[in-house]
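The next block is entry.txt, given as compact mmCIF, C-alpha atoms.
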```
# COMPACT_ATOMS: atom_id res chain seq x y z
CA MET A 1 -257.14 -49.74 11.38
CA THR A 2 -254.68 -47.17 12.59
CA GLY A 3 -251.88 -45.86 10.40
CA SER A 4 -249.24 -47.80 12.31
CA LYS A 5 -251.18 -51.06 12.12
CA LYS A 6 -251.80 -50.55 8.41
CA SER A 7 -248.08 -50.04 7.93
CA ILE A 8 -247.40 -53.33 9.71
CA VAL A 9 -249.65 -55.20 7.30
CA GLN A 10 -248.29 -53.45 4.21
CA ASP A 11 -244.68 -54.12 5.24
CA PHE A 12 -245.39 -57.80 5.63
CA GLY A 13 -247.18 -57.82 2.29
CA ARG A 14 -244.02 -56.52 0.63
CA ARG A 15 -242.05 -59.30 2.30
CA ARG A 16 -244.46 -61.87 0.86
CA VAL A 17 -243.64 -60.59 -2.63
CA LEU A 18 -239.99 -61.34 -1.88
CA GLN A 19 -241.03 -64.81 -0.79
CA TYR A 20 -242.39 -65.66 -4.21
CA GLY A 21 -239.31 -64.32 -5.90
CA ALA A 22 -237.17 -66.51 -3.66
CA VAL A 23 -238.95 -69.81 -4.21
CA GLY A 24 -240.18 -69.30 -7.78
CA ALA A 25 -243.61 -68.25 -9.00
CA GLY A 26 -244.56 -71.83 -9.86
CA LEU A 27 -244.07 -72.95 -6.25
CA ALA A 28 -245.43 -69.94 -4.39
CA LEU A 29 -248.65 -71.60 -3.25
CA MET A 30 -249.73 -75.22 -2.95
CA PRO A 31 -253.26 -76.61 -3.38
CA TRP A 32 -254.20 -79.29 -0.88
CA GLN A 33 -254.70 -81.98 -3.53
CA MET A 34 -251.17 -81.97 -4.95
CA SER A 35 -247.63 -82.87 -4.11
CA LEU A 36 -244.73 -80.62 -5.04
CA ALA A 37 -243.99 -82.82 -8.06
CA GLN A 38 -247.50 -82.21 -9.42
CA MET A 39 -247.38 -78.44 -9.03
CA THR A 40 -248.11 -76.25 -12.06
CA SER A 41 -248.01 -72.48 -12.49
CA ASP A 42 -251.82 -72.38 -12.65
CA ASP A 43 -251.96 -73.66 -9.09
CA ALA A 44 -250.43 -70.43 -7.78
CA THR A 45 -253.97 -69.05 -7.49
CA LYS A 46 -254.93 -71.74 -4.97
CA ALA A 47 -253.65 -70.50 -1.65
CA MET A 48 -253.39 -72.10 1.74
CA ARG A 49 -256.19 -71.12 4.10
CA THR A 50 -255.41 -67.95 6.08
CA ARG A 51 -257.02 -66.24 9.07
CA LYS A 52 -256.93 -62.67 10.36
CA ILE A 53 -254.79 -61.59 13.28
CA PRO A 54 -257.51 -59.73 15.22
CA SER A 55 -255.37 -56.79 16.37
CA THR A 56 -254.39 -55.73 12.83
CA GLY A 57 -256.36 -57.73 10.27
CA GLU A 58 -253.14 -59.16 8.82
CA MET A 59 -253.69 -62.59 7.29
CA LEU A 60 -251.67 -65.54 8.60
CA PRO A 61 -251.50 -69.03 7.02
CA VAL A 62 -253.09 -71.63 9.28
CA ILE A 63 -250.18 -74.10 9.22
CA GLY A 64 -247.07 -72.81 10.90
CA MET A 65 -243.92 -74.62 11.94
CA GLY A 66 -242.74 -75.32 15.45
CA SER A 67 -239.13 -76.10 16.25
CA SER A 68 -239.01 -77.80 19.65
CA GLY A 69 -237.11 -81.06 19.23
CA SER A 70 -236.68 -80.62 15.48
CA PHE A 71 -234.30 -77.73 14.75
CA SER A 72 -231.81 -78.32 17.57
CA THR A 73 -229.01 -80.28 15.89
CA ARG A 74 -225.41 -80.17 14.74
CA SER A 75 -225.72 -83.16 12.42
CA GLU A 76 -224.98 -82.22 8.80
CA ASP A 77 -227.45 -84.84 7.56
CA THR A 78 -230.22 -83.43 9.74
CA LEU A 79 -229.34 -79.87 8.77
CA ALA A 80 -229.66 -80.86 5.12
CA ASP A 81 -233.15 -82.22 5.82
CA LEU A 82 -234.04 -79.04 7.70
CA ARG A 83 -233.02 -76.92 4.73
CA THR A 84 -235.41 -78.96 2.61
CA VAL A 85 -238.10 -78.61 5.27
CA MET A 86 -237.71 -74.83 5.34
CA LYS A 87 -237.84 -74.47 1.55
CA ARG A 88 -240.89 -76.72 1.22
CA PHE A 89 -242.62 -74.96 4.10
CA VAL A 90 -242.41 -71.62 2.29
CA ALA A 91 -243.13 -73.15 -1.12
CA MET A 92 -246.34 -74.67 0.22
CA GLY A 93 -247.61 -71.38 1.63
CA GLY A 94 -246.18 -71.30 5.15
CA THR A 95 -244.82 -68.20 6.86
CA LEU A 96 -245.01 -68.59 10.67
CA VAL A 97 -241.97 -70.19 12.34
CA ASP A 98 -242.11 -70.48 16.13
CA THR A 99 -239.00 -71.07 18.24
CA SER A 100 -237.38 -70.29 21.60
CA PRO A 101 -233.92 -69.77 23.13
CA THR A 102 -234.68 -72.84 25.25
CA TYR A 103 -234.76 -75.16 22.21
CA GLY A 104 -231.02 -75.84 22.14
CA ASN A 105 -229.43 -74.22 19.08
CA ALA A 106 -232.73 -74.05 17.16
CA GLU A 107 -232.71 -70.26 16.82
CA THR A 108 -229.19 -70.31 15.37
CA ASN A 109 -230.10 -73.06 12.92
CA ILE A 110 -233.38 -71.43 11.87
CA GLY A 111 -231.72 -68.08 11.23
CA ALA A 112 -228.86 -69.59 9.25
CA ILE A 113 -231.11 -71.87 7.20
CA ALA A 114 -233.61 -69.10 6.45
CA ARG A 115 -230.83 -66.85 5.18
CA ASP A 116 -229.01 -69.60 3.27
CA THR A 117 -232.18 -70.73 1.50
CA GLY A 118 -233.23 -67.15 0.68
CA VAL A 119 -236.58 -67.28 2.49
CA ARG A 120 -235.92 -65.12 5.57
CA ASP A 121 -237.94 -62.17 4.26
CA ALA A 122 -240.90 -64.47 3.67
CA LEU A 123 -241.12 -65.63 7.28
CA PHE A 124 -243.30 -64.47 10.12
CA MET A 125 -240.76 -65.08 12.89
CA ALA A 126 -241.94 -65.83 16.40
CA THR A 127 -239.73 -66.51 19.40
CA LYS A 128 -239.85 -66.20 23.18
CA VAL A 129 -238.19 -64.83 26.29
CA HIS A 130 -237.61 -67.38 29.05
CA ILE A 131 -235.49 -65.90 31.82
CA ASN A 132 -235.76 -63.99 35.10
CA GLY A 133 -234.78 -60.33 35.35
CA ARG A 134 -235.41 -57.25 33.23
CA GLN A 135 -231.91 -56.82 31.81
CA ALA A 136 -231.43 -60.57 31.38
CA GLY A 137 -234.65 -60.61 29.35
CA ILE A 138 -233.52 -57.70 27.20
CA ASP A 139 -230.18 -59.43 26.60
CA GLN A 140 -231.80 -62.77 25.77
CA MET A 141 -234.18 -61.18 23.26
CA ALA A 142 -231.28 -59.30 21.66
CA GLN A 143 -229.42 -62.61 21.25
CA SER A 144 -232.50 -64.18 19.67
CA THR A 145 -232.81 -61.27 17.25
CA GLU A 146 -229.16 -61.59 16.28
CA ALA A 147 -229.58 -65.33 15.65
CA LEU A 148 -232.86 -65.12 13.76
CA GLY A 149 -232.39 -61.78 12.00
CA LYS A 150 -234.81 -58.86 11.88
CA PRO A 151 -237.68 -58.42 12.05
CA ILE A 152 -239.00 -60.44 14.97
CA ASP A 153 -242.69 -60.44 14.24
CA LEU A 154 -243.91 -61.96 17.50
CA MET A 155 -242.21 -62.00 20.91
CA GLN A 156 -243.80 -64.20 23.56
CA ILE A 157 -243.24 -64.80 27.27
CA HIS A 158 -242.48 -68.50 27.60
CA ASN A 159 -244.37 -70.43 30.30
CA PHE A 160 -245.03 -67.35 32.48
CA ILE A 161 -241.33 -66.96 33.42
CA ASP A 162 -241.01 -63.60 35.25
CA LEU A 163 -244.18 -62.65 33.44
CA GLU A 164 -244.88 -59.19 34.85
CA THR A 165 -241.29 -57.97 34.44
CA GLN A 166 -240.95 -59.27 30.90
CA TRP A 167 -244.42 -58.04 29.91
CA LYS A 168 -243.43 -54.45 30.64
CA THR A 169 -240.38 -54.89 28.42
CA LEU A 170 -242.47 -56.41 25.63
CA GLU A 171 -244.91 -53.51 25.76
CA ARG A 172 -242.03 -51.04 25.40
CA MET A 173 -240.49 -53.04 22.56
CA LYS A 174 -243.79 -53.08 20.66
CA ALA A 175 -244.30 -49.35 21.20
CA ASP A 176 -240.76 -48.70 19.93
CA GLY A 177 -241.27 -50.90 16.85
CA GLN A 178 -238.71 -53.50 17.91
CA VAL A 179 -241.33 -56.26 17.61
CA ARG A 180 -244.66 -56.26 15.79
CA TYR A 181 -246.76 -58.40 18.12
CA ILE A 182 -246.54 -59.62 21.73
CA GLY A 183 -248.05 -62.55 23.61
CA ILE A 184 -247.68 -65.34 26.15
CA THR A 185 -247.35 -69.12 25.87
CA HIS A 186 -247.79 -72.32 27.81
CA TYR A 187 -248.02 -75.99 26.92
CA LEU A 188 -249.89 -77.57 29.84
CA THR A 189 -253.61 -77.85 30.50
CA SER A 190 -252.85 -77.20 34.17
CA ALA A 191 -251.87 -73.64 33.15
CA PHE A 192 -255.29 -72.83 31.67
CA GLU A 193 -256.61 -70.99 34.73
CA GLU A 194 -253.63 -68.64 34.74
CA LEU A 195 -253.82 -68.27 30.96
CA GLU A 196 -257.45 -67.27 31.29
CA HIS A 197 -256.52 -64.63 33.87
CA GLN A 198 -253.73 -63.19 31.73
CA MET A 199 -255.85 -63.18 28.58
CA SER A 200 -258.57 -61.30 30.49
CA THR A 201 -256.30 -58.64 31.94
CA LYS A 202 -253.54 -57.95 29.39
CA ASP A 203 -253.71 -56.33 25.96
CA MET A 204 -251.97 -59.13 24.07
CA ASP A 205 -251.93 -59.84 20.35
CA PHE A 206 -251.26 -63.59 20.59
CA VAL A 207 -251.63 -66.46 23.01
CA GLN A 208 -250.19 -69.94 22.53
CA PHE A 209 -251.42 -73.08 24.28
CA ASN A 210 -252.00 -76.81 23.83
CA TYR A 211 -255.11 -78.07 22.06
CA SER A 212 -255.77 -81.35 20.27
CA ILE A 213 -258.35 -84.00 19.50
CA MET A 214 -257.02 -85.97 22.49
CA THR A 215 -256.91 -82.91 24.77
CA PRO A 216 -259.77 -80.62 23.70
CA ASP A 217 -260.07 -78.75 27.03
CA ALA A 218 -259.29 -75.37 25.41
CA GLU A 219 -262.67 -75.50 23.67
CA GLN A 220 -264.44 -74.91 26.98
CA ARG A 221 -263.06 -71.49 27.96
CA LEU A 222 -259.80 -70.40 26.34
CA LEU A 223 -260.85 -70.48 22.70
CA PRO A 224 -264.14 -68.61 23.31
CA LEU A 225 -262.26 -66.07 25.45
CA ALA A 226 -259.66 -65.52 22.73
CA ALA A 227 -262.44 -64.88 20.22
CA ASP A 228 -264.19 -62.45 22.58
CA ARG A 229 -260.97 -60.58 23.43
CA GLY A 230 -259.63 -60.44 19.87
CA ILE A 231 -256.51 -62.48 20.63
CA ALA A 232 -254.85 -64.58 17.93
CA VAL A 233 -254.32 -68.22 18.94
CA LEU A 234 -251.34 -70.44 18.15
CA VAL A 235 -251.77 -74.11 19.00
CA ASN A 236 -248.96 -76.35 20.22
CA ARG A 237 -248.95 -80.10 21.00
CA ALA A 238 -251.61 -80.92 18.36
CA TYR A 239 -250.15 -84.45 18.23
CA ASN A 240 -249.81 -84.73 22.02
CA ASP A 241 -246.04 -85.11 21.68
CA GLY A 242 -246.52 -88.07 19.32
CA ARG A 243 -248.97 -90.00 21.49
CA PHE A 244 -251.67 -89.41 18.88
CA PHE A 245 -249.71 -91.46 16.33
CA SER A 246 -249.14 -94.23 18.86
CA GLN A 247 -252.90 -94.43 19.37
CA VAL A 248 -253.79 -94.60 15.67
CA LYS A 249 -250.87 -96.83 14.62
CA GLY A 250 -252.07 -99.70 12.44
CA ARG A 251 -255.56 -98.26 12.11
CA GLU A 252 -257.24 -97.38 8.84
CA LEU A 253 -258.22 -93.76 8.33
CA PRO A 254 -262.05 -93.63 8.42
CA ASP A 255 -263.72 -93.16 5.04
CA TYR A 256 -265.59 -90.10 6.28
CA ALA A 257 -262.28 -88.20 6.51
CA GLN A 258 -262.45 -87.65 2.74
CA GLU A 259 -265.51 -85.47 3.31
CA PHE A 260 -263.17 -82.78 4.64
CA ASP A 261 -260.28 -83.47 2.25
CA CYS A 262 -258.26 -85.44 4.80
CA PHE A 263 -255.96 -88.22 3.62
CA SER A 264 -253.68 -89.04 6.58
CA TRP A 265 -253.87 -89.35 10.34
CA GLY A 266 -251.61 -86.31 10.70
CA GLN A 267 -254.05 -84.21 8.68
CA PHE A 268 -256.91 -85.68 10.74
CA ALA A 269 -255.39 -84.27 13.94
CA LEU A 270 -254.50 -80.88 12.44
CA LYS A 271 -257.83 -80.36 10.71
CA TYR A 272 -259.62 -81.09 13.98
CA VAL A 273 -257.72 -78.19 15.58
CA LEU A 274 -258.24 -75.86 12.62
CA ALA A 275 -261.98 -76.54 12.61
CA ASN A 276 -262.23 -74.07 15.49
CA ASP A 277 -262.38 -70.58 13.97
CA ALA A 278 -260.64 -69.04 16.99
CA VAL A 279 -257.41 -70.86 16.04
CA ASN A 280 -255.18 -68.76 13.83
CA ALA A 281 -252.46 -71.36 13.28
CA VAL A 282 -251.22 -74.73 14.48
CA ILE A 283 -247.45 -75.25 14.72
CA PRO A 284 -246.37 -78.91 14.39
CA ALA A 285 -242.62 -79.51 14.43
CA THR A 286 -240.72 -81.90 12.17
CA SER A 287 -237.30 -82.41 10.61
CA ASP A 288 -238.70 -84.85 8.02
CA PRO A 289 -239.55 -83.26 4.61
CA LYS A 290 -242.28 -85.84 3.92
CA HIS A 291 -243.92 -85.20 7.27
CA LEU A 292 -243.68 -81.45 6.64
CA GLU A 293 -245.47 -81.81 3.32
CA ASP A 294 -248.20 -83.94 4.92
CA ASN A 295 -248.67 -81.34 7.67
CA MET A 296 -248.96 -78.53 5.15
CA HIS A 297 -251.72 -80.27 3.21
CA ALA A 298 -253.95 -79.85 6.29
CA GLY A 299 -254.10 -76.14 5.43
CA TYR A 300 -255.88 -76.84 2.14
CA GLY A 301 -259.39 -78.01 1.34
CA ALA A 302 -262.44 -78.32 3.57
CA LEU A 303 -262.52 -78.47 7.37
CA PRO A 304 -264.83 -80.52 9.60
CA ASP A 305 -267.89 -78.88 11.11
CA ARG A 306 -268.86 -79.23 14.78
CA ALA A 307 -270.85 -82.43 14.22
CA MET A 308 -267.92 -83.93 12.36
CA GLN A 309 -265.54 -82.92 15.17
CA LYS A 310 -267.71 -84.90 17.59
CA ARG A 311 -267.56 -87.91 15.27
CA MET A 312 -263.77 -87.57 15.05
CA ARG A 313 -263.46 -87.49 18.87
CA GLU A 314 -265.61 -90.61 19.12
CA THR A 315 -263.41 -92.39 16.59
CA ILE A 316 -260.25 -91.67 18.58
CA ALA A 317 -261.85 -92.44 21.93
CA ALA A 318 -262.96 -95.86 20.66
CA MET A 319 -259.38 -96.92 19.85
```
Could I get this structure in the form of structure tokens?
Amino acid sequence: MTGSKKSIVQDFGRRRVLQYGAVGAGLALMPWQMSLAQMTSDDATKAMRTRKIPSTGEMLPVIGMGSSGSFSTRSEDTLADLRTVMKRFVAMGGTLVDTSPTYGNAETNIGAIARDTGVRDALFMATKVHINGRQAGIDQMAQSTEALGKPIDLMQIHNFIDLETQWKTLERMKADGQVRYIGITHYLTSAFEELEHQMSTKDMDFVQFNYSIMTPDAEQRLLPLAADRGIAVLVNRAYNDGRFFSQVKGRELPDYAQEFDCFSWGQFALKYVLANDAVNAVIPATSDPKHLEDNMHAGYGALPDRAMQKRMRETIAAM
């Protein structure tokens, strides 16, 4: 590890110390078996599962939080729920928050809520650039930074928009220390061929794409390529935009799910994704505190092995 990369990890480690001061030592980490109400100070030694970011070795909790469709609101009632979501997310061991300037006023809300709840220094903040033109990209990223607050840990090019122009800017920003990591994102399986090309030819820290038990295509080429190239993977659309829950509605969770510490359909979907070691984090989005807590529990306990993943796919396909 180079001196600059080591500094990156150490700086984030200091921010994690601030996290625990902000939420209270008794709530710093959450074991998978318990709800917040059952938490005791002894449980602070039981941390959420983490995985290394290949380019630095920094550890990242496996359950992050997306914000598409969840943090864009002006409703005071919804904002109150989102404040609870943010506090519980950090209390249960989360750090990665992923957003975009295209998600309505999500960046503004996330920045304000993170500061108001005292957890901003605990967060690994990821956002995106989604605009044509060099200067327009610089301006958009500056606006995102103002809304979210510094530092921006990860800046990503959203859906290949003006990719080559924006990539040059991202490389300069990383070299200048304006962002810590850079990457690209997409959300469609039809983009996998181009994703594969970009992952093979660019020196990126992160890539984000869709992967789920209903759409496991990324297992064929993208996930092995990410592992070979040392690229951290963020997974979006793990619930297939809610279609997963429509498919399992009214069905009993199979008894075998308890073998990998799974106690809800939401955890079933997330643990399937996390069973692949090339995945660094999955980023489900929600404005519901109870759903947030259920999502977070997927980061604790055992994960299914490959044979179990096959059994899980067969269960869903039979519905």
Subject >> Which of A:Lys168, A:Arg74, A:Lys128, A:Lys87 sits closest to Asn109 (chain A) [using all atoms listed in the file] >> reply: A:Arg74
Original post:
So which residues are close to (-249.6, -84.2, 24.3), meaning at most 9 Å away in the file's coordinates with all atoms listed in the file counted, and can you show them as a PyMOL selection string?
Top reply: chain A and resi 187-188+210-212+214-215+236-244
Keeping only C-alpha atoms, write those residues as a PDB file, keeping the file's coordinate frame.
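Printed below is part.pdb as written:
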```
ATOM      1  CA  TYR A 187    -248.020 -75.990  26.920  1.00  0.00           C
ATOM      2  CA  LEU A 188    -249.890 -77.570  29.840  1.00  0.00           C
ATOM      3  CA  ASN A 210    -252.000 -76.810  23.830  1.00  0.00           C
ATOM      4  CA  TYR A 211    -255.110 -78.070  22.060  1.00  0.00           C
ATOM      5  CA  SER A 212    -255.770 -81.350  20.270  1.00  0.00           C
ATOM      6  CA  MET A 214    -257.020 -85.970  22.490  1.00  0.00           C
ATOM      7  CA  THR A 215    -256.910 -82.910  24.770  1.00  0.00           C
ATOM      8  CA  ASN A 236    -248.960 -76.350  20.220  1.00  0.00           C
ATOM      9  CA  ARG A 237    -248.950 -80.100  21.000  1.00  0.00           C
ATOM     10  CA  ALA A 238    -251.610 -80.920  18.360  1.00  0.00           C
ATOM     11  CA  TYR A 239    -250.150 -84.450  18.230  1.00  0.00           C
ATOM     12  CA  ASN A 240    -249.810 -84.730  22.020  1.00  0.00           C
ATOM     13  CA  ASP A 241    -246.040 -85.110  21.680  1.00  0.00           C
ATOM     14  CA  GLY A 242    -246.520 -88.070  19.320  1.00  0.00           C
ATOM     15  CA  ARG A 243    -248.970 -90.000  21.490  1.00  0.00           C
ATOM     16  CA  PHE A 244    -251.670 -89.410  18.880  1.00  0.00           C
TER      17      PHE A 244
END
```
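The smallest atom-to-atom distance between Arg221 (chain A) and any of A:Ile63, A:Ala278, A:Met319, A:Leu270, using all atoms listed in the file, is found for A:Ala278.
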Original post:
Which protein, DNA or RNA residues are at most 6 Å from (-248.8, -85.5, 8.5) in the file's coordinates when you count only C-alpha atoms, listed as number ranges by chain?
Top reply: A: 266-267, 291, 294-295
Restrict the selected residues to C-alpha atoms and save them as an mmCIF file, in the frame of the given file.
```
data_model
loop_
_atom_site.group_PDB
_atom_site.id
_atom_site.type_symbol
_atom_site.label_atom_id
_atom_site.label_comp_id
_atom_site.auth_asym_id
_atom_site.auth_seq_id
_atom_site.Cartn_x
_atom_site.Cartn_y
_atom_site.Cartn_z
ATOM 1 C CA GLY A 266 -251.610 -86.310 10.700
ATOM 2 C CA GLN A 267 -254.050 -84.210 8.680
ATOM 3 C CA HIS A 291 -243.920 -85.200 7.270
ATOM 4 C CA ASP A 294 -248.200 -83.940 4.920
ATOM 5 C CA ASN A 295 -248.670 -81.340 7.670
#
```
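Between CA of Met59 (chain A) and CA of Gly149 (chain A) lies a distance of 21.8 Å.
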What would region 105-115 of chain A look like with all heavy atoms in place, written as a JSON list (two decimals), in the frame of the given file?
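Result file follows (out23.json):
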```json
[["chain", "number", "residue", "atom", "x", "y", "z"],
["A", 105, "ASN", "N", -229.95, -75.19, 20.06],
["A", 105, "ASN", "CA", -229.43, -74.22, 19.08],
["A", 105, "ASN", "C", -230.42, -74.00, 17.92],
["A", 105, "ASN", "O", -230.03, -73.65, 16.81],
["A", 105, "ASN", "CB", -228.08, -74.67, 18.54],
["A", 105, "ASN", "CG", -228.15, -75.96, 17.73],
["A", 105, "ASN", "OD1", -229.11, -76.72, 17.87],
["A", 105, "ASN", "ND2", -227.14, -76.23, 16.91],
["A", 106, "ALA", "N", -231.72, -74.18, 18.21],
["A", 106, "ALA", "CA", -232.73, -74.05, 17.16],
["A", 106, "ALA", "C", -232.75, -72.66, 16.55],
["A", 106, "ALA", "O", -232.86, -72.52, 15.33],
["A", 106, "ALA", "CB", -234.11, -74.40, 17.72],
["A", 107, "GLU", "N", -232.67, -71.62, 17.37],
["A", 107, "GLU", "CA", -232.71, -70.26, 16.82],
["A", 107, "GLU", "C", -231.55, -70.03, 15.86],
["A", 107, "GLU", "O", -231.73, -69.45, 14.77],
["A", 107, "GLU", "CB", -232.65, -69.22, 17.94],
["A", 107, "GLU", "CG", -233.93, -69.10, 18.75],
["A", 107, "GLU", "CD", -233.87, -67.97, 19.75],
["A", 107, "GLU", "OE1", -232.79, -67.71, 20.31],
["A", 107, "GLU", "OE2", -234.91, -67.32, 19.97],
["A", 108, "THR", "N", -230.36, -70.47, 16.24],
["A", 108, "THR", "CA", -229.19, -70.31, 15.37],
["A", 108, "THR", "C", -229.39, -71.04, 14.06],
["A", 108, "THR", "O", -229.12, -70.49, 12.96],
["A", 108, "THR", "CB", -227.93, -70.82, 16.07],
["A", 108, "THR", "OG1", -227.71, -70.06, 17.26],
["A", 108, "THR", "CG2", -226.71, -70.70, 15.17],
["A", 109, "ASN", "N", -229.88, -72.28, 14.13],
["A", 109, "ASN", "CA", -230.10, -73.06, 12.92],
["A", 109, "ASN", "C", -231.19, -72.45, 12.04],
["A", 109, "ASN", "O", -231.04, -72.37, 10.81],
["A", 109, "ASN", "CB", -230.47, -74.50, 13.27],
["A", 109, "ASN", "CG", -229.28, -75.31, 13.76],
["A", 109, "ASN", "OD1", -228.13, -74.99, 13.45],
["A", 109, "ASN", "ND2", -229.54, -76.35, 14.51],
["A", 110, "ILE", "N", -232.28, -72.02, 12.65],
["A", 110, "ILE", "CA", -233.38, -71.43, 11.87],
["A", 110, "ILE", "C", -232.90, -70.18, 11.14],
["A", 110, "ILE", "O", -233.17, -70.00, 9.95],
["A", 110, "ILE", "CB", -234.57, -71.12, 12.78],
["A", 110, "ILE", "CG1", -235.24, -72.42, 13.22],
["A", 110, "ILE", "CG2", -235.59, -70.20, 12.08],
["A", 110, "ILE", "CD1", -236.28, -72.23, 14.32],
["A", 111, "GLY", "N", -232.20, -69.30, 11.85],
["A", 111, "GLY", "CA", -231.72, -68.08, 11.23],
["A", 111, "GLY", "C", -230.78, -68.35, 10.08],
["A", 111, "GLY", "O", -230.90, -67.76, 8.99],
["A", 112, "ALA", "N", -229.84, -69.27, 10.30],
["A", 112, "ALA", "CA", -228.86, -69.59, 9.25],
["A", 112, "ALA", "C", -229.53, -70.24, 8.05],
["A", 112, "ALA", "O", -229.24, -69.89, 6.90],
["A", 112, "ALA", "CB", -227.78, -70.51, 9.82],
["A", 113, "ILE", "N", -230.43, -71.18, 8.30],
["A", 113, "ILE", "CA", -231.11, -71.87, 7.20],
["A", 113, "ILE", "C", -232.01, -70.92, 6.42],
["A", 113, "ILE", "O", -232.05, -70.95, 5.18],
["A", 113, "ILE", "CB", -231.91, -73.08, 7.74],
["A", 113, "ILE", "CG1", -230.95, -74.17, 8.23],
["A", 113, "ILE", "CG2", -232.86, -73.63, 6.68],
["A", 113, "ILE", "CD1", -231.64, -75.28, 9.01],
["A", 114, "ALA", "N", -232.73, -70.06, 7.13],
["A", 114, "ALA", "CA", -233.61, -69.10, 6.45],
["A", 114, "ALA", "C", -232.82, -68.18, 5.54],
["A", 114, "ALA", "O", -233.24, -67.88, 4.42],
["A", 114, "ALA", "CB", -234.40, -68.30, 7.49],
["A", 115, "ARG", "N", -231.66, -67.73, 6.01],
["A", 115, "ARG", "CA", -230.83, -66.85, 5.18],
["A", 115, "ARG", "C", -230.21, -67.62, 4.02],
["A", 115, "ARG", "O", -230.21, -67.16, 2.87],
["A", 115, "ARG", "CB", -229.75, -66.18, 6.04],
["A", 115, "ARG", "CG", -230.29, -65.13, 6.99],
["A", 115, "ARG", "CD", -229.17, -64.39, 7.70],
["A", 115, "ARG", "NE", -228.48, -65.23, 8.68],
["A", 115, "ARG", "CZ", -228.83, -65.33, 9.96],
["A", 115, "ARG", "NH1", -229.89, -64.66, 10.42],
["A", 115, "ARG", "NH2", -228.14, -66.09, 10.79]]
```
